[in-house]
Amino acid sequence: MRPLRACLGAAAAVTLAAAGTTALVTSDASGATTALSNRWYAAAPYLMPLDNNPPNAATIMDATGLKAFQLAFVLAPDGGGCSPTWGGTAAVSSDTAVQSVIDTIRAKGGDVSVSIGGYGGTKLGQTCADAASTAAAYQQVVTKYGLHAIDFDLEEPEYENTAAIKNEIGAAKILQQNNPGLYVSVTTPGTADGTGWFGKQMLLEAKSQGFTPNNFSIMPFDGGFSGAASQTSALTNFNSILQSTFGWDQATAYAHEGFSGMNGRSDTGEYFTQADFQTVLDYATSHNMDRFTFWSLNRDRQCSPVDNNGTTSGTCSSVAQGDWDFAKYAVEFAGVTPPTTTPTPTPTPTPTPTSCKTAWSSTAVYTAGNEVSYNSHNWKAKWWTQNEVPGASEWGPWQDEGAC
């Protein structure tokens with residue numbers, strides 16, 4: 001079983017695609033096609049389709065307006081080799097379970113990217129001989145699922161392996177060249193300074209290979225962060241790193257920069273609330289950043305109890321929230337207003353009018369059970385009575401049966 005953070009941390013990612021707003025075409029159940037802009041792939045939150053109590057993608061789409069999902073994770077086989085698997089155990093070549101999830105999403109007019117890597121596990125860049133064979137393994141994933149985007153999540157231990165990172169960056173470049181229209185993003189762990197030594201080495205590797213993706217994203221969590229202010233500061237610092245590495249001006253660097261957050265409680269006990277997400281979203285949009293995503297939709301629901309006893313869960317956020325609250329920020333980044341979920345009020349039933357009994361008479365004699373009407377109410381005698389006005393006394397002989 002992979003370490004906890006392998007199921008929790010959204011890591012170094014490469015989402016393959018062409019620059020600009022190239023439309024991606026998917027097929028729905030009727031065979032018709034729908035197109036998603038690159039902005040949707042840039043906003044796609046992570047979803048584990050086979051682990052961490054997977055939520056129903058169609059339910060999320062209906063509730064939030066979300067159209068794109070980042071499915072995680074493709075790894076090398078646990079026993080070794082250079083063929084793609086889901087989580088190191090389920091071969092992509094024979095997969096039907098993830099394909100079913102993709103079919104459901106596409107039938108509703110959405111689409112997916114596939115994420116490669118994650119924290120822990122063995123990555124294909126570590127086991128394949130070179131960039132070409134690494135790319136060939138990933139091409140199997142692209143071809144099987146008809147992908148228009150792919151996400152390389154480059155974390156430990158591969159993150160610290162120079163040869164493996166060279167294979168991954170080289171594979172990303174090959175896939176970009178061989179699959180015109182792919183949306184390409186590289187995500188790396190974040191630090192207060194933007195990114196650490198290994199992140200900077202990865203950027204230099206991309207520069208040396210002449211590989212320019214749509215964006216480089218950082219993950220500003222699990223590194224001593226405290227709320228949105230520390231995250232936006234890291235994004236500002238990372239922008240400077242991009243400028244100095246590639247010789248870009250500030251605007252160009254922001255246009256090639258992305259954010260990959262973690263909703264709720266992080267692996268190291270940091271907390272990021274809905275308000276923090278809103279602040280980072282505002283920063284990303286105001287600076288014309290290219291990507292805004294988070295780990296993960298499996299966690300985009302409230303724990304019970306809310307704080308989850310002080311631990312980080314792969315299936316809930318550990319903060320107070322409604323289901324799919326955090327997904328709505330990704331929808332906003334894509335340029336869509338999430339639907340307002342106002343409960344439909346239950347109508348108050350109109351009572352069926354009750355007919356009035358025979359009018360009360362001051363001269364008549366009534367015994368227990370006799371019914372009369374008086375002052376637009378029906379009354380029932382509790383015992384023998386004569387000339388006692390219904391309702392004149394709380395303790396009188398008449399029981400009120402309601403309006404008539």
# chains A, B, ... in the order shown; residues from 1 in each chain; ligands from 1

$ select_by_dssp --residues "segment 219-393 of chain A" --states "alpha helix (DSSP H)" --output "number ranges by chain"
A: 227-246, 250-255, 274-286, 327-333

$ residues_around --residues "segment 370-386 of chain A" --least-positions-apart "5" --cutoff "9 Å" --atoms "only C-alpha atoms" --output "ChimeraX atom specification"
/A:354-365,391,396-404

$ write_last_selection --atoms "all heavy atoms" --output "compact mmCIF listing (two decimals), in the first residue's frame"
# COMPACT_ATOMS: atom_id res chain seq x y z
N THR A 354 -63.48 21.88 6.21
CA THR A 354 -64.36 20.97 6.94
C THR A 354 -65.76 21.57 6.99
O THR A 354 -65.92 22.74 7.34
CB THR A 354 -63.84 20.74 8.37
OG1 THR A 354 -62.52 20.21 8.30
CG2 THR A 354 -64.75 19.79 9.14
N SER A 355 -66.74 20.80 6.62
CA SER A 355 -68.13 21.32 6.65
C SER A 355 -68.59 21.53 8.08
O SER A 355 -68.17 20.83 9.01
CB SER A 355 -69.07 20.36 5.94
OG SER A 355 -69.06 19.08 6.56
N CYS A 356 -69.44 22.52 8.25
CA CYS A 356 -69.94 22.84 9.58
C CYS A 356 -71.13 21.94 9.94
O CYS A 356 -71.98 21.62 9.09
CB CYS A 356 -70.39 24.30 9.65
SG CYS A 356 -69.00 25.47 9.57
N LYS A 357 -71.16 21.53 11.21
CA LYS A 357 -72.26 20.73 11.72
C LYS A 357 -73.50 21.63 11.92
O LYS A 357 -73.44 22.84 11.69
CB LYS A 357 -71.88 20.06 13.04
CG LYS A 357 -70.60 19.24 12.98
CD LYS A 357 -70.72 18.05 12.02
CE LYS A 357 -69.46 17.19 12.03
NZ LYS A 357 -69.55 16.04 11.10
N THR A 358 -74.55 21.04 12.38
CA THR A 358 -75.78 21.81 12.67
C THR A 358 -75.48 22.86 13.74
O THR A 358 -74.76 22.59 14.71
CB THR A 358 -76.88 20.87 13.17
OG1 THR A 358 -77.11 19.87 12.17
CG2 THR A 358 -78.16 21.64 13.45
N ALA A 359 -75.98 24.03 13.55
CA ALA A 359 -75.69 25.14 14.47
C ALA A 359 -76.15 24.83 15.89
O ALA A 359 -77.19 24.21 16.12
CB ALA A 359 -76.35 26.41 13.97
N TRP A 360 -75.35 25.28 16.83
CA TRP A 360 -75.69 25.10 18.26
C TRP A 360 -76.97 25.85 18.59
O TRP A 360 -77.21 26.95 18.08
CB TRP A 360 -74.54 25.63 19.13
CG TRP A 360 -74.85 25.67 20.59
CD1 TRP A 360 -74.85 24.64 21.45
CD2 TRP A 360 -75.21 26.82 21.34
NE1 TRP A 360 -75.18 25.05 22.72
CE2 TRP A 360 -75.39 26.40 22.68
CE3 TRP A 360 -75.37 28.19 21.02
CZ2 TRP A 360 -75.75 27.28 23.70
CZ3 TRP A 360 -75.73 29.05 22.04
CH2 TRP A 360 -75.92 28.61 23.36
N SER A 361 -77.77 25.30 19.48
CA SER A 361 -79.03 25.93 19.93
C SER A 361 -79.03 26.01 21.45
O SER A 361 -78.72 25.01 22.13
CB SER A 361 -80.24 25.10 19.46
OG SER A 361 -81.41 25.58 20.09
N SER A 362 -79.39 27.16 21.95
CA SER A 362 -79.39 27.35 23.40
C SER A 362 -80.48 26.56 24.10
O SER A 362 -80.42 26.33 25.32
CB SER A 362 -79.57 28.84 23.74
OG SER A 362 -80.82 29.30 23.25
N THR A 363 -81.48 26.10 23.35
CA THR A 363 -82.59 25.37 23.98
C THR A 363 -82.47 23.86 23.86
O THR A 363 -83.17 23.12 24.54
CB THR A 363 -83.92 25.80 23.34
OG1 THR A 363 -83.89 25.51 21.95
CG2 THR A 363 -84.16 27.30 23.56
N ALA A 364 -81.59 23.41 22.96
CA ALA A 364 -81.47 21.97 22.73
C ALA A 364 -80.68 21.32 23.87
O ALA A 364 -79.85 21.94 24.53
CB ALA A 364 -80.79 21.71 21.41
N VAL A 365 -80.95 20.03 24.08
CA VAL A 365 -80.21 19.22 25.04
C VAL A 365 -79.20 18.37 24.27
O VAL A 365 -79.56 17.69 23.31
CB VAL A 365 -81.16 18.33 25.86
CG1 VAL A 365 -80.38 17.37 26.74
CG2 VAL A 365 -82.10 19.18 26.70
N GLY A 391 -67.10 27.04 23.86
CA GLY A 391 -65.91 27.87 23.98
C GLY A 391 -65.97 28.93 25.03
O GLY A 391 -65.00 29.67 25.22
N GLY A 396 -65.35 23.89 30.07
CA GLY A 396 -66.76 23.61 29.80
C GLY A 396 -66.97 22.30 29.10
O GLY A 396 -66.05 21.53 28.85
N PRO A 397 -68.24 22.05 28.69
CA PRO A 397 -68.63 20.74 28.15
C PRO A 397 -68.28 20.55 26.67
O PRO A 397 -68.50 19.46 26.14
CB PRO A 397 -70.13 20.74 28.34
CG PRO A 397 -70.53 22.17 28.24
CD PRO A 397 -69.39 22.93 28.87
N TRP A 398 -67.74 21.59 26.04
CA TRP A 398 -67.52 21.49 24.61
C TRP A 398 -66.01 21.34 24.25
O TRP A 398 -65.17 22.05 24.78
CB TRP A 398 -68.08 22.70 23.89
CG TRP A 398 -69.56 22.81 23.98
CD1 TRP A 398 -70.28 23.64 24.77
CD2 TRP A 398 -70.49 22.04 23.26
NE1 TRP A 398 -71.62 23.45 24.61
CE2 TRP A 398 -71.78 22.46 23.67
CE3 TRP A 398 -70.41 21.00 22.30
CZ2 TRP A 398 -72.96 21.89 23.17
CZ3 TRP A 398 -71.57 20.47 21.80
CH2 TRP A 398 -72.83 20.89 22.21
N GLN A 399 -65.74 20.43 23.31
CA GLN A 399 -64.38 20.20 22.80
C GLN A 399 -64.29 20.78 21.40
O GLN A 399 -65.08 20.42 20.52
CB GLN A 399 -64.05 18.69 22.77
CG GLN A 399 -62.69 18.36 22.14
CD GLN A 399 -62.43 16.88 22.09
OE1 GLN A 399 -62.81 16.16 23.04
NE2 GLN A 399 -61.82 16.41 21.01
N ASP A 400 -63.33 21.70 21.19
CA ASP A 400 -63.18 22.36 19.87
C ASP A 400 -62.59 21.37 18.87
O ASP A 400 -61.54 20.79 19.07
CB ASP A 400 -62.26 23.58 20.03
CG ASP A 400 -62.20 24.46 18.78
OD1 ASP A 400 -62.78 24.06 17.76
OD2 ASP A 400 -61.56 25.52 18.87
N GLU A 401 -63.27 21.22 17.75
CA GLU A 401 -62.81 20.31 16.68
C GLU A 401 -62.24 21.05 15.49
O GLU A 401 -61.97 20.47 14.45
CB GLU A 401 -63.95 19.40 16.25
CG GLU A 401 -64.40 18.42 17.33
CD GLU A 401 -65.39 17.41 16.82
OE1 GLU A 401 -66.41 17.82 16.26
OE2 GLU A 401 -65.12 16.20 16.97
N GLY A 402 -62.06 22.38 15.63
CA GLY A 402 -61.43 23.13 14.58
C GLY A 402 -62.38 23.90 13.70
O GLY A 402 -63.61 23.79 13.82
N ALA A 403 -61.77 24.75 12.82
CA ALA A 403 -62.58 25.62 11.97
C ALA A 403 -63.39 24.82 10.96
O ALA A 403 -63.04 23.72 10.54
CB ALA A 403 -61.65 26.61 11.25
N CYS A 404 -64.49 25.42 10.56
CA CYS A 404 -65.34 24.79 9.54
C CYS A 404 -65.85 25.88 8.60
O CYS A 404 -65.71 27.08 8.88
CB CYS A 404 -66.52 24.05 10.20
SG CYS A 404 -67.66 25.13 11.07

$ closest_residue --among "A:Tyr119, A:Trp295, A:Phe272, A:Phe152" --to "Ala135 of chain A" --atoms "only C-alpha atoms"
A:Phe152

$ closest_residue --among "A:Met202, A:Ile218, A:Ile105, A:Met48" --to "Ala164 of chain A" --atoms "only C-alpha atoms"
A:Met202

$ residues_around --residues "segment 80-86 of chain A" --least-positions-apart "6" --cutoff "9 Å" --atoms "only C-alpha atoms" --output "VMD selection string"
chain A and resid 50 72 to 74 92 to 93 95 98 122 124 to 129 133 to 134 136 to 138 140 to 141

$ closest_residue --among "A:Gly194, A:Gly247, A:Gly109, A:Val389" --to "Asp62 of chain A" --atoms "only C-alpha atoms"
A:Gly109

$ atom_distance --atom1 "atom CA of Thr285 of chain A" --atom2 "atom CA of Thr59 of chain A"
26.8 Å
